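For reference, start-v5.cif is printed below; it contains mmCIF, C-alpha atoms and all ligand atoms.
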data_coords
loop_
_atom_site.label_atom_id
_atom_site.label_comp_id
_atom_site.auth_asym_id
_atom_site.auth_seq_id
_atom_site.Cartn_x
_atom_site.Cartn_y
_atom_site.Cartn_z
CA MET M 1 20.01 20.23 1.19
CA ARG M 2 16.74 22.08 1.66
CA TYR M 3 13.39 21.06 0.17
CA ASP M 4 9.73 21.81 0.55
CA VAL M 5 9.09 18.17 1.39
CA VAL M 6 11.33 15.20 2.21
CA VAL M 7 9.58 11.85 1.77
CA VAL M 8 11.09 8.82 3.50
CA GLY M 9 10.17 5.62 1.62
CA ALA M 10 10.01 5.27 -2.17
CA ARG M 11 7.33 2.66 -2.76
CA VAL M 12 3.61 2.96 -3.41
CA ALA M 13 2.87 5.57 -0.74
CA GLY M 14 6.11 7.55 -0.92
CA ALA M 15 6.73 7.53 -4.66
CA ALA M 16 3.08 8.40 -5.39
CA THR M 17 3.10 11.27 -2.88
CA ALA M 18 6.37 12.58 -4.31
CA LEU M 19 5.01 12.34 -7.84
CA LEU M 20 1.92 14.38 -7.00
CA LEU M 21 3.80 16.95 -4.91
CA ALA M 22 6.38 17.44 -7.67
CA ARG M 23 3.63 17.77 -10.26
CA SER M 24 2.13 20.48 -8.05
CA GLY M 25 5.36 22.43 -8.28
CA LEU M 26 6.92 21.60 -4.91
CA ARG M 27 10.59 20.72 -4.38
CA VAL M 28 10.64 17.14 -3.20
CA LEU M 29 13.34 14.72 -2.11
CA VAL M 30 12.54 11.01 -1.74
CA LEU M 31 14.85 8.75 0.28
CA ASP M 32 14.86 4.99 0.59
CA ARG M 33 17.32 2.65 2.21
CA ALA M 34 16.50 -0.12 -0.31
CA LYS M 35 17.84 -0.42 -3.86
CA SER M 36 15.60 0.95 -6.60
CA GLY M 37 13.40 -1.64 -8.31
CA THR M 38 13.68 -4.38 -5.67
CA ASP M 39 10.79 -6.61 -4.61
CA THR M 40 9.17 -6.39 -1.20
CA LEU M 41 7.12 -8.67 1.06
CA SER M 42 3.71 -8.13 -0.51
CA THR M 43 1.27 -9.65 -2.93
CA HIS M 44 -0.10 -6.96 -5.24
CA ALA M 45 -3.79 -7.28 -6.13
CA LEU M 46 -5.07 -3.81 -6.94
CA MET M 47 -8.68 -2.91 -6.23
CA ARG M 48 -10.74 -0.52 -8.35
CA GLY M 49 -9.62 2.55 -6.38
CA ALA M 50 -5.96 1.90 -7.19
CA VAL M 51 -6.67 1.36 -10.89
CA LEU M 52 -8.70 4.57 -10.86
CA GLN M 53 -5.79 6.48 -9.32
CA LEU M 54 -3.25 5.08 -11.81
CA THR M 55 -5.62 6.03 -14.63
CA ARG M 56 -6.14 9.56 -13.29
CA TRP M 57 -2.38 10.03 -12.99
CA GLY M 58 -1.77 8.74 -16.55
CA LEU M 59 0.19 5.68 -15.39
CA LEU M 60 -2.14 2.76 -16.10
CA ASP M 61 -0.82 2.50 -19.66
CA ARG M 62 2.64 1.77 -18.25
CA VAL M 63 1.23 -1.04 -16.08
CA ILE M 64 -0.51 -2.54 -19.12
CA ALA M 65 2.58 -2.06 -21.33
CA ALA M 66 4.58 -4.10 -18.77
CA GLY M 67 2.40 -7.10 -19.73
CA THR M 68 0.25 -7.08 -16.59
CA PRO M 69 -2.82 -9.20 -17.40
CA PRO M 70 -6.24 -7.58 -16.98
CA VAL M 71 -8.49 -9.13 -14.33
CA GLN M 72 -12.08 -9.20 -15.49
CA ARG M 73 -13.57 -11.59 -12.96
CA VAL M 74 -13.25 -12.22 -9.23
CA THR M 75 -14.35 -15.66 -8.01
CA PHE M 76 -15.26 -16.13 -4.36
CA ARG M 77 -15.56 -19.57 -2.76
CA TYR M 78 -17.12 -19.74 0.68
CA ALA M 79 -19.71 -21.73 2.61
CA GLY M 80 -19.87 -24.33 -0.16
CA GLU M 81 -20.71 -21.73 -2.83
CA VAL M 82 -18.76 -20.49 -5.85
CA VAL M 83 -19.65 -16.85 -6.56
CA PRO M 84 -18.19 -15.31 -9.74
CA VAL M 85 -18.31 -11.51 -9.95
CA GLU M 86 -17.64 -9.84 -13.30
CA ILE M 87 -15.74 -6.54 -13.18
CA LYS M 88 -18.24 -4.20 -14.80
CA PRO M 89 -16.96 -0.90 -16.19
CA SER M 90 -17.50 1.86 -13.66
CA PHE M 91 -15.61 4.97 -12.60
CA GLY M 92 -13.74 4.60 -15.93
CA VAL M 93 -12.23 1.28 -14.78
CA ASP M 94 -13.07 -1.86 -16.78
CA ALA M 95 -10.46 -4.26 -15.38
CA LEU M 96 -8.32 -4.76 -12.29
CA TYR M 97 -4.57 -5.45 -12.41
CA ALA M 98 -1.99 -7.02 -10.11
CA PRO M 99 1.43 -5.76 -11.23
CA ARG M 100 4.42 -7.19 -9.37
CA ARG M 101 5.94 -4.66 -7.00
CA THR M 102 9.05 -4.80 -9.19
CA VAL M 103 6.81 -3.35 -11.92
CA LEU M 104 4.49 -0.96 -10.03
CA ASP M 105 6.98 0.65 -7.66
CA PRO M 106 9.46 1.63 -10.42
CA ILE M 107 6.60 3.04 -12.53
CA LEU M 108 5.76 5.40 -9.67
CA VAL M 109 9.41 6.15 -8.92
CA ASN M 110 10.19 6.96 -12.57
CA ALA M 111 7.10 9.14 -12.86
CA ALA M 112 8.14 11.02 -9.70
CA ALA M 113 11.62 11.60 -11.17
CA GLU M 114 10.15 12.72 -14.52
CA SER M 115 8.00 15.22 -12.61
CA GLY M 116 11.06 16.75 -11.00
CA ALA M 117 11.38 14.97 -7.64
CA ASP M 118 14.92 14.13 -6.51
CA LEU M 119 15.35 10.49 -5.52
CA CYS M 120 18.11 9.00 -3.44
CA PHE M 121 18.27 5.25 -2.77
CA GLY M 122 20.61 3.57 -0.29
CA VAL M 123 20.01 6.17 2.45
CA ALA M 124 18.73 4.84 5.77
CA VAL M 125 17.02 7.59 7.76
CA SER M 126 17.64 7.24 11.48
CA ASP M 127 16.12 10.37 13.01
CA VAL M 128 14.31 13.65 12.44
CA GLU M 129 15.81 17.07 13.11
CA ARG M 130 13.84 19.56 15.19
CA GLU M 131 13.99 23.22 16.03
CA ALA M 132 13.75 24.46 19.62
CA SER M 133 9.93 24.48 19.51
CA GLY M 134 9.99 20.74 18.74
CA ARG M 135 8.87 21.29 15.16
CA VAL M 136 10.39 18.76 12.72
CA THR M 137 12.68 20.46 10.21
CA GLY M 138 14.47 17.61 8.43
CA VAL M 139 15.96 14.14 8.59
CA LEU M 140 19.29 12.60 9.48
CA GLY M 141 20.58 9.32 8.11
CA ARG M 142 23.42 7.36 6.66
CA ARG M 143 24.34 6.38 3.12
CA ARG M 144 25.26 2.83 2.26
CA ASP M 145 28.96 3.75 2.15
CA GLY M 146 28.76 4.96 5.77
CA ARG M 147 28.72 8.70 5.07
CA GLY M 148 26.24 10.74 7.08
CA PHE M 149 23.23 12.33 5.39
CA ARG M 150 21.15 15.38 6.30
CA ALA M 151 18.27 17.08 4.49
CA ARG M 152 16.04 19.93 5.63
CA ALA M 153 12.43 20.52 4.64
CA ARG M 154 9.29 22.38 5.57
CA LEU M 155 7.57 19.02 5.91
CA VAL M 156 8.90 15.49 6.49
CA VAL M 157 6.64 12.70 5.22
CA GLY M 158 7.08 9.21 6.64
CA ALA M 159 6.13 6.72 3.91
CA ASP M 160 8.44 4.17 5.44
CA GLY M 161 6.05 1.31 6.00
CA ILE M 162 5.01 -0.86 8.87
CA ARG M 163 8.15 -0.31 10.95
CA SER M 164 8.23 3.43 10.29
CA THR M 165 11.27 5.21 11.73
CA ILE M 166 9.53 8.57 11.24
CA ALA M 167 6.43 7.46 13.19
CA GLU M 168 8.68 6.19 15.95
CA ARG M 169 10.89 9.31 16.14
CA VAL M 170 7.96 11.76 16.17
CA LEU M 171 6.08 9.56 18.66
CA ALA M 172 3.02 9.43 16.40
CA PRO M 173 0.14 8.40 18.67
CA VAL M 174 -1.57 5.09 17.87
CA GLU M 175 -5.26 5.95 17.80
CA ARG M 176 -6.70 2.56 16.97
CA ILE M 177 -5.29 -0.95 17.23
CA GLY M 178 -6.67 -4.21 15.83
CA THR M 179 -7.40 -7.31 17.81
CA GLY M 180 -5.25 -9.76 15.87
CA GLY M 181 -3.79 -10.43 12.47
CA GLY M 182 -3.41 -13.42 10.25
CA ALA M 183 -0.22 -14.77 8.67
CA THR M 184 0.27 -15.18 4.92
CA THR M 185 2.51 -17.45 2.87
CA TYR M 186 2.79 -17.15 -0.92
CA GLY M 187 4.75 -18.10 -4.02
CA TYR M 188 4.59 -17.79 -7.83
CA TRP M 189 3.63 -20.68 -10.12
CA PRO M 190 4.02 -20.51 -13.94
CA GLY M 191 1.35 -21.51 -16.45
CA LEU M 192 -1.65 -22.06 -14.16
CA GLY M 193 -3.86 -20.43 -16.79
CA THR M 194 -6.17 -18.96 -14.16
CA GLU M 195 -8.36 -16.04 -15.07
CA GLY M 196 -9.02 -13.28 -12.60
CA TYR M 197 -8.63 -13.10 -8.85
CA GLU M 198 -9.76 -16.08 -6.79
CA TRP M 199 -10.50 -15.63 -3.09
CA ASN M 200 -11.41 -18.69 -0.98
CA PHE M 201 -12.60 -18.57 2.64
CA ARG M 202 -13.06 -21.31 5.24
CA PRO M 203 -12.67 -20.90 8.99
CA ASP M 204 -8.94 -20.47 9.72
CA ALA M 205 -8.13 -21.19 6.08
CA ALA M 206 -8.19 -18.54 3.38
CA SER M 207 -6.39 -18.76 0.06
CA GLY M 208 -6.30 -17.08 -3.29
CA ILE M 209 -4.78 -16.74 -6.72
CA ILE M 210 -3.58 -13.48 -8.26
CA PRO M 211 -2.52 -13.57 -11.96
CA THR M 212 0.43 -11.31 -12.62
CA ASN M 213 3.27 -10.47 -15.01
CA ASP M 214 5.35 -13.06 -16.93
CA ASP M 215 2.54 -15.67 -16.99
CA LEU M 216 2.96 -16.21 -13.25
CA SER M 217 0.19 -16.66 -10.70
CA CYS M 218 0.68 -15.69 -7.09
CA VAL M 219 -0.85 -18.39 -4.91
CA PHE M 220 -1.30 -17.50 -1.24
CA ALA M 221 -2.72 -18.93 1.95
CA SER M 222 -3.71 -16.98 5.04
CA ALA M 223 -4.65 -18.32 8.47
CA THR M 224 -3.86 -17.73 12.11
CA PRO M 225 -0.10 -17.36 12.72
CA GLY M 226 -0.04 -20.70 14.58
CA ARG M 227 -1.39 -22.49 11.54
CA ILE M 228 0.91 -20.83 8.98
CA GLY M 229 3.92 -21.25 11.25
CA ARG M 230 7.08 -20.58 9.25
CA GLY M 231 5.10 -20.85 6.02
CA GLY M 232 6.14 -22.60 2.82
CA PRO M 233 4.49 -25.22 0.58
CA ALA M 234 3.25 -27.52 3.39
CA PRO M 235 0.78 -25.10 5.06
CA LEU M 236 -0.10 -23.61 1.66
CA LEU M 237 -1.10 -27.00 0.19
CA GLU M 238 -2.89 -28.03 3.38
CA ILE M 239 -4.98 -24.84 3.37
CA LEU M 240 -5.59 -25.08 -0.39
CA ALA M 241 -6.84 -28.65 0.08
CA GLU M 242 -9.58 -27.23 2.35
CA THR M 243 -10.42 -24.18 0.27
CA ASP M 244 -9.72 -25.11 -3.37
CA PRO M 245 -9.04 -28.89 -3.57
CA GLU M 246 -8.69 -28.91 -7.36
CA MET M 247 -5.88 -26.34 -7.28
CA ALA M 248 -4.27 -28.15 -4.34
CA SER M 249 -4.08 -31.37 -6.42
CA ARG M 250 -2.60 -29.49 -9.38
CA LEU M 251 0.05 -27.78 -7.31
CA ALA M 252 0.92 -30.94 -5.41
CA THR M 253 2.33 -32.41 -8.63
CA THR M 254 4.63 -29.39 -9.31
CA SER M 255 7.92 -28.52 -7.67
CA PRO M 256 7.19 -25.61 -5.34
CA PRO M 257 8.75 -22.21 -6.09
CA PRO M 258 10.57 -20.16 -3.43
CA MET M 259 7.98 -18.87 -0.98
CA ARG M 260 7.69 -15.80 1.22
CA THR M 261 5.91 -15.57 4.54
CA PHE M 262 4.42 -12.69 6.52
CA THR M 263 4.05 -13.82 10.13
CA GLY M 264 1.32 -11.28 10.98
CA CYS M 265 0.89 -7.90 12.61
CA ARG M 266 -2.11 -6.34 14.32
CA GLY M 267 -3.72 -3.53 12.36
CA TYR M 268 -3.25 0.02 13.62
CA VAL M 269 -4.23 3.58 12.81
CA ARG M 270 -1.76 6.29 13.82
CA ARG M 271 -2.37 10.01 14.00
CA PRO M 272 -0.73 10.93 10.67
CA TRP M 273 0.55 14.45 11.32
CA GLY M 274 2.14 16.87 13.74
CA PRO M 275 4.27 20.02 13.54
CA GLY M 276 6.43 19.61 10.44
CA TRP M 277 5.63 15.95 9.81
CA ALA M 278 3.03 13.66 8.22
CA LEU M 279 2.60 9.92 7.63
CA VAL M 280 1.17 8.16 4.58
CA GLY M 281 0.66 4.50 3.60
CA ASP M 282 1.43 1.71 6.05
CA ALA M 283 3.46 4.11 8.20
CA GLY M 284 0.19 5.71 9.30
CA TYR M 285 -2.41 3.02 8.81
CA PHE M 286 -2.05 -0.74 8.42
CA LYS M 287 -4.56 -3.52 8.06
CA ASP M 288 -4.09 -7.22 7.37
CA PRO M 289 -3.17 -8.11 3.76
CA LEU M 290 -6.24 -10.38 3.49
CA SER M 291 -8.32 -7.36 2.42
CA ALA M 292 -5.79 -6.80 -0.43
CA HIS M 293 -6.31 -3.09 0.06
CA GLY M 294 -3.05 -1.63 1.39
CA ILE M 295 -1.75 -0.45 -2.00
CA THR M 296 -5.14 0.95 -2.97
CA ASP M 297 -5.29 2.94 0.28
CA ALA M 298 -1.70 4.11 -0.12
CA LEU M 299 -2.49 5.53 -3.58
CA ARG M 300 -5.66 7.16 -2.23
CA ASP M 301 -3.88 8.73 0.76
CA ALA M 302 -0.95 9.91 -1.37
CA GLU M 303 -3.43 12.17 -3.13
CA LEU M 304 -5.30 13.22 0.01
CA LEU M 305 -2.02 14.16 1.68
CA THR M 306 -0.73 15.97 -1.41
CA ARG M 307 -3.87 18.12 -1.54
CA ALA M 308 -3.41 19.02 2.14
CA VAL M 309 0.29 19.84 1.65
CA VAL M 310 -0.35 21.96 -1.44
CA SER M 311 -3.09 23.90 0.35
CA MET M 312 -0.64 24.52 3.19
CA LEU M 313 2.66 25.21 1.40
CA VAL M 314 1.29 26.82 -1.75
CA ASP M 315 -2.04 28.37 -0.81
CA GLY M 316 -1.13 29.33 2.75
CA ALA M 317 -3.69 27.26 4.67
CA ASP M 318 -3.03 26.65 8.34
CA GLU M 319 -1.02 23.44 8.86
CA ARG M 320 -3.36 22.12 11.54
CA ASP M 321 -6.44 22.71 9.38
CA ALA M 322 -4.86 21.20 6.27
CA LEU M 323 -3.32 18.10 7.84
CA GLY M 324 -6.23 17.68 10.25
CA SER M 325 -8.56 17.53 7.29
CA TYR M 326 -6.29 14.93 5.62
CA GLN M 327 -6.60 12.80 8.74
CA ALA M 328 -10.37 13.27 8.98
CA THR M 329 -10.93 12.14 5.38
CA ARG M 330 -8.48 9.22 5.66
CA ASP M 331 -10.14 8.03 8.86
CA ALA M 332 -13.69 8.43 7.56
CA LEU M 333 -12.85 6.36 4.47
CA SER M 334 -10.85 3.74 6.38
CA SER M 335 -12.89 3.11 9.50
CA SER M 336 -15.29 0.39 8.36
CA LEU M 337 -12.66 -1.28 6.16
CA PHE M 338 -10.31 -1.44 9.16
CA GLN M 339 -13.01 -2.95 11.34
CA VAL M 340 -14.21 -5.64 8.95
CA THR M 341 -10.66 -6.55 7.87
CA ASP M 342 -9.76 -7.01 11.53
CA ILE M 343 -12.59 -9.53 11.96
CA ILE M 344 -11.88 -11.43 8.73
CA ALA M 345 -8.11 -11.53 9.28
CA GLY M 346 -8.55 -12.62 12.88
CA HIS M 347 -10.23 -15.75 11.44
CA ARG M 348 -12.95 -15.45 14.08
CA TRP M 349 -15.92 -16.31 11.86
CA THR M 350 -17.93 -19.28 10.75
CA ASP M 351 -19.01 -20.46 7.29
CA ARG M 352 -22.40 -18.90 8.05
CA GLN M 353 -20.92 -15.44 8.82
CA ILE M 354 -18.30 -14.99 6.11
CA GLY M 355 -20.73 -14.05 3.31
CA ASP M 356 -21.99 -11.03 5.27
CA LEU M 357 -18.45 -10.02 6.20
CA LEU M 358 -17.40 -10.06 2.54
CA LEU M 359 -20.42 -7.90 1.66
CA ARG M 360 -19.37 -5.45 4.39
CA LEU M 361 -15.83 -5.43 2.98
CA ASN M 362 -17.20 -4.60 -0.46
CA ALA M 363 -19.48 -1.85 0.87
CA ALA M 364 -16.56 -0.30 2.75
CA MET M 365 -14.81 0.34 -0.56
CA ALA M 366 -17.73 2.19 -2.20
CA ASP M 367 -17.32 5.57 -0.43
CA GLU M 368 -13.66 5.65 -1.37
CA LEU M 369 -14.48 5.30 -5.06
CA ASP M 370 -17.09 8.04 -4.92
CA LEU M 371 -14.60 10.43 -3.34
CA LEU M 372 -11.72 9.62 -5.71
CA ALA M 373 -13.91 9.91 -8.79
CA GLU M 374 -15.07 13.38 -7.73
CA LEU M 375 -11.62 14.81 -6.98
CA PRO M 376 -10.67 17.49 -9.51
CA ALA M 377 -7.31 17.02 -11.22
CA LEU M 378 -4.42 18.43 -9.23
CA SER M 379 -3.32 21.74 -10.67
CA ALA M 380 -0.31 21.62 -12.93
CA ALA M 381 3.27 22.40 -11.96
CA GLY M 382 4.57 25.92 -12.20
CA ARG M 383 3.80 27.21 -8.75
CA ARG M 384 7.23 26.42 -7.36
CA LEU M 385 7.80 28.08 -4.05
CA ASP M 386 11.17 29.61 -4.71
CA ALA M 387 10.65 32.03 -1.86
CA SER M 388 10.30 29.15 0.57
CA ILE M 389 13.66 27.61 -0.19
CA GLY M 390 16.18 29.08 2.18
C1 LIG A 401 2.10 -10.57 2.66
C2 LIG A 401 1.46 -9.29 2.21
C3 LIG A 401 0.60 -9.30 1.14
C4 LIG A 401 -0.01 -8.11 0.72
N1 LIG A 401 -0.85 -8.15 -0.34
C5 LIG A 401 -1.44 -7.01 -0.78
C6 LIG A 401 -2.30 -7.02 -1.91
O1 LIG A 401 -2.51 -8.05 -2.56
N2 LIG A 401 -2.86 -5.84 -2.31
C7 LIG A 401 -2.64 -4.68 -1.61
O2 LIG A 401 -3.19 -3.64 -1.99
N3 LIG A 401 -1.83 -4.64 -0.54
C8 LIG A 401 -1.23 -5.77 -0.10
N4 LIG A 401 -0.40 -5.75 0.98
C9 LIG A 401 -0.20 -4.46 1.67
C10 LIG A 401 0.85 -3.62 0.93
O3 LIG A 401 2.01 -4.37 0.74
C11 LIG A 401 1.17 -2.38 1.75
O4 LIG A 401 -0.01 -1.73 2.16
C12 LIG A 401 2.01 -1.42 0.93
O5 LIG A 401 3.25 -2.01 0.59
C13 LIG A 401 2.28 -0.14 1.71
O6 LIG A 401 3.13 0.67 0.94
P1 LIG A 401 4.04 1.76 1.62
O7 LIG A 401 4.65 2.52 0.49
O8 LIG A 401 3.27 2.47 2.67
O9 LIG A 401 5.16 0.96 2.42
P2 LIG A 401 6.25 -0.11 1.91
O10 LIG A 401 5.83 -0.77 0.65
O11 LIG A 401 6.52 -0.98 3.10
O12 LIG A 401 7.53 0.78 1.60
C14 LIG A 401 8.25 1.43 2.63
C15 LIG A 401 9.61 1.82 2.07
O13 LIG A 401 10.26 2.59 3.08
C16 LIG A 401 11.63 2.24 3.13
N5 LIG A 401 12.13 2.53 4.46
C17 LIG A 401 11.70 2.02 5.64
N6 LIG A 401 12.38 2.54 6.67
C18 LIG A 401 13.27 3.41 6.13
C19 LIG A 401 14.29 4.25 6.69
N7 LIG A 401 14.47 4.32 8.00
N8 LIG A 401 15.05 4.99 5.85
C20 LIG A 401 14.86 4.94 4.51
N9 LIG A 401 13.90 4.14 3.92
C21 LIG A 401 13.13 3.41 4.73
C22 LIG A 401 11.65 0.75 2.83
O14 LIG A 401 12.92 0.37 2.31
C23 LIG A 401 10.52 0.61 1.79
O15 LIG A 401 11.01 0.68 0.47
C24 LIG A 401 0.24 -6.90 1.41
C25 LIG A 401 1.11 -6.89 2.50
C26 LIG A 401 1.73 -8.07 2.89
C27 LIG A 401 2.68 -8.03 4.05
#

Whole structure given in structure tokens:
Amino acid sequence: MRYDVVVVGARVAGAATALLLARSGLRVLVLDRAKSGTDTLSTHALMRGAVLQLTRWGLLDRVIAAGTPPVQRVTFRYAGEVVPVEIKPSFGVDALYAPRRTVLDPILVNAAAESGADLCFGVAVSDVEREASGRVTGVLGRRRDGRGFRARARLVVGADGIRSTIAERVLAPVERIGTGGGATTYGYWPGLGTEGYEWNFRPDAASGIIPTNDDLSCVFASATPGRIGRGGPAPLLEILAETDPEMASRLATTSPPPMRTFTGCRGYVRRPWGPGWALVGDAGYFKDPLSAHGITDALRDAELLTRAVVSMLVDGADERDALGSYQATRDALSSSLFQVTDIIAGHRWTDRQIGDLLLRLNAAMADELDLLAELPALSAAGRRLDASIG
């Protein structure tokens, strides 16, 4: 099999990249070892940048049609204050959304397929193929039934998450590493009737509520890994009692749902490209979930990478210039967010400091919105590179 681009990983970063590449007329194959439509370890609060991207790509209607409730207010509790922030219409976005990953990921996957990308689930990629110069020319893997798998491409994109096989096989250099990460435990409660996102911050005790599909609310707690331990209702209720005592009392009288726990990982920024390969999403850049920004960044970088790939494979730009410029823009937009998330998620702050840190977090998102809003629409399909397919 020979493609313009093989994308490894079919979730927010990979499916979105494939969608945009296919819409630009490139031949794309997306591989994932998971089953289509499955859940993953992640809460799913989208920030304005993600909603803007879904709107620009014509997919927000599908998120809304899936019954995802609009979020029109974000309430912060910290240092003894309750600070409600209304979501004012701007950049064409008048509400935030938090679709379950079982809703959002299939919307992107289906849109990629509708745009002409080939998708193949149940294939675990184990290595890249290279030519004598060392340039990556494809991937090798195995199907679920044990049969080997091989696909060739002009570019291999690793969108395979935090434990990226592609990043490991191409020896993608780590250019920045965080100082420590928090742990998160979360579960879904029915009928809480909460409106909007709620974020609560005390030293070594953060929590929040994210309303989502099916009248469920995702309730999470984040703290140092030692405090969260193996997670579950006990640390969640203990942390809620410190950060949102009213909700803690309500939940204490319910039977707890199944819970999932992320035990923490230091943030990192990898160089996201080399000869014949590129990284997007968590594979290239990860920060603690407490900023609730990983999906938003993945949707942003899917478009930045697509523009670089199209300029290279369609318009003939030099690979180093095109992918180098993708990295430069990604890094410029991510640098302050990475830094402030690292401090907040390391839980190394006091009640007196957290207000300023949250303002810095908010400011770090502003440049991203300006850039996304100014991007012209990607040009339509029809420029398929038949000549490039050997
Ligand atoms: C506890 C937690 C809470 C979070 N909450 C939020 C939040 O509220 N808002 C937010 O914006 N972000 C949140 N995030 C971050 C968000 O989940 C990630 O940034 C996002 O999932 C990254 O998407 P991705 O497509 O890069 O990778 P992933 O979603 O990790 O997808 C990678 C895909 O690659 C596949 N794959 C991996 N290796 C291979 C292989 N070798 N062969 C084939 N397939 C492979 C996997 O099966 C997977 O489907 C949270 C993260 C965690 C851990």

Once you count all atoms listed in the file, which residues end up no further than 7 Å from (9.4, -9.9, 2.9) in the file's frame, shown as a list in words? Thr40, Leu41, Ser42, Arg260, Thr261 and Phe262 of chain M

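For the set M:Phe149, M:Tyr78, M:Tyr268, M:Phe286, the residue with the smallest atom-to-atom gap to ligand LIG 401 (chain A) is M:Phe286, counting only C-alpha atoms and all ligand atoms.
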
Can you tell me, as a list in words, which residues sit within 8 Å of (2.3, -10.8, -15.8) in the file's frame, using only C-alpha atoms? Ala66, Gly67, Thr68, Pro69, Pro99, Arg100, Pro211, Thr212, Asn213, Asp214, Asp215 and Leu216 of chain M

Could you please take those selected residues and save C-alpha atoms as an mmCIF file, in the coordinates of the input?
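Saved result, result_21.cif, follows:
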data_model
loop_
_atom_site.group_PDB
_atom_site.id
_atom_site.type_symbol
_atom_site.label_atom_id
_atom_site.label_comp_id
_atom_site.auth_asym_id
_atom_site.auth_seq_id
_atom_site.Cartn_x
_atom_site.Cartn_y
_atom_site.Cartn_z
ATOM 1 C CA ALA M 66 4.580 -4.100 -18.770
ATOM 2 C CA GLY M 67 2.400 -7.100 -19.730
ATOM 3 C CA THR M 68 0.250 -7.080 -16.590
ATOM 4 C CA PRO M 69 -2.820 -9.200 -17.400
ATOM 5 C CA PRO M 99 1.430 -5.760 -11.230
ATOM 6 C CA ARG M 100 4.420 -7.190 -9.370
ATOM 7 C CA PRO M 211 -2.520 -13.570 -11.960
ATOM 8 C CA THR M 212 0.430 -11.310 -12.620
ATOM 9 C CA ASN M 213 3.270 -10.470 -15.010
ATOM 10 C CA ASP M 214 5.350 -13.060 -16.930
ATOM 11 C CA ASP M 215 2.540 -15.670 -16.990
ATOM 12 C CA LEU M 216 2.960 -16.210 -13.250
#

Minimum-distance residue to ligand LIG 401 (chain A), chosen among M:Trp277, M:Tyr186, M:Trp57, M:Trp349 (using all atoms listed in the file):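 When distances to ligand LIG 401 (chain A) are compared using all atoms listed in the file, the smallest one comes from M:Tyr186.
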
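When all atoms listed in the file are used to compute distances to Val71 (chain M), the closest of the residues M:Tyr97, M:Tyr326, M:Phe201, M:Phe338 turns out to be M:Tyr97.
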
Closest-contact table, chain M side, partner ligand LIG 401 (chain A), 7 Å, counting only C-alpha atoms and all ligand atoms, as CSV:
residue,atom,partner,partner_atom,distance
M:Val8,CA,A:LIG401,N9,5.5
M:Gly9,CA,A:LIG401,O13,3.4
M:Ala10,CA,A:LIG401,O15,5.4
M:Arg11,CA,A:LIG401,O7,4.2
M:Val12,CA,A:LIG401,O7,4.1
M:Ala13,CA,A:LIG401,O7,3.7
M:Gly14,CA,A:LIG401,O7,5.4
M:Leu31,CA,A:LIG401,C20,5.7
M:Asp32,CA,A:LIG401,N9,3.6
M:Arg33,CA,A:LIG401,C20,4.1
M:Ala34,CA,A:LIG401,O14,4.5
M:Thr40,CA,A:LIG401,O10,6.8
M:Leu41,CA,A:LIG401,C27,5.4
M:Ser42,CA,A:LIG401,C3,3.7
M:Thr43,CA,A:LIG401,N1,3.7
M:His44,CA,A:LIG401,O1,3.8
M:Ala45,CA,A:LIG401,O1,3.9
M:Leu46,CA,A:LIG401,O2,5.3
M:Met47,CA,A:LIG401,O2,7.0
M:Val123,CA,A:LIG401,C20,5.7
M:Ala124,CA,A:LIG401,N8,3.7
M:Val125,CA,A:LIG401,N8,3.8
M:Ser126,CA,A:LIG401,N7,5.5
M:Ala159,CA,A:LIG401,O8,5.3
M:Asp160,CA,A:LIG401,O13,3.4
M:Gly161,CA,A:LIG401,O9,3.7
M:Ile162,CA,A:LIG401,O11,6.0
M:Arg163,CA,A:LIG401,N6,6.7
M:Ser164,CA,A:LIG401,N6,5.6
M:Thr165,CA,A:LIG401,N7,5.0
M:Thr184,CA,A:LIG401,C1,5.5
M:Thr185,CA,A:LIG401,C1,6.9
M:Thr261,CA,A:LIG401,C1,6.6
M:Phe262,CA,A:LIG401,C1,5.0
M:Val280,CA,A:LIG401,O8,6.4
M:Gly281,CA,A:LIG401,O8,3.4
M:Asp282,CA,A:LIG401,O8,3.9
M:Ala283,CA,A:LIG401,O8,5.8
M:Phe286,CA,A:LIG401,O4,6.7
M:Pro289,CA,A:LIG401,C24,4.3
M:Leu290,CA,A:LIG401,N1,7.0
M:Ala292,CA,A:LIG401,N2,3.6
M:His293,CA,A:LIG401,O2,3.8
M:Gly294,CA,A:LIG401,O4,3.1
M:Ile295,CA,A:LIG401,O2,3.5
M:Thr296,CA,A:LIG401,O2,5.1
M:Ala298,CA,A:LIG401,O8,5.9

Closest to Thr243 (chain M) among M:Glu195, M:Asp342, M:Asp301, M:Asp351, using all atoms listed in the file?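 Closest candidate: M:Asp351.
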
Go through M:Ser335, M:Ala252, M:Leu29, M:Asp204 one by one, measure the shortest atom-to-atom distance of each to Arg150 (chain M) using all atoms listed in the file, and give the residue with the smallest value. M:Leu29

Which value, in Å to one decimal, gives the distance between CA of Val269 (chain M) and CA of Ser325 (chain M)? 15.6 Å

Determine the nearest neighbour of Leu313 (chain M) from the options M:Gly276, M:Gly134, M:Gly346, M:Pro233, counting only C-alpha atoms.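 Closest candidate: M:Gly276.
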
Pick out the residues sitting within 7 Å of Thr102 (chain M), and hand them over as a list in words; count all atoms listed in the file, and ignore anything fewer than 3 positions along from it in its own chain. Gly37, Thr38, Asp39, Asp105 and Pro106 of chain M

Would you save the residues from that selection as a PDB file, in the frame of the given file, using C-alpha atoms?
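What follows is the written file result12.pdb:
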ATOM      1  CA  GLY M  37      13.400  -1.640  -8.310  1.00  0.00           C
ATOM      2  CA  THR M  38      13.680  -4.380  -5.670  1.00  0.00           C
ATOM      3  CA  ASP M  39      10.790  -6.610  -4.610  1.00  0.00           C
ATOM      4  CA  ASP M 105       6.980   0.650  -7.660  1.00  0.00           C
ATOM      5  CA  PRO M 106       9.460   1.630 -10.420  1.00  0.00           C
TER       6      PRO M 106
END
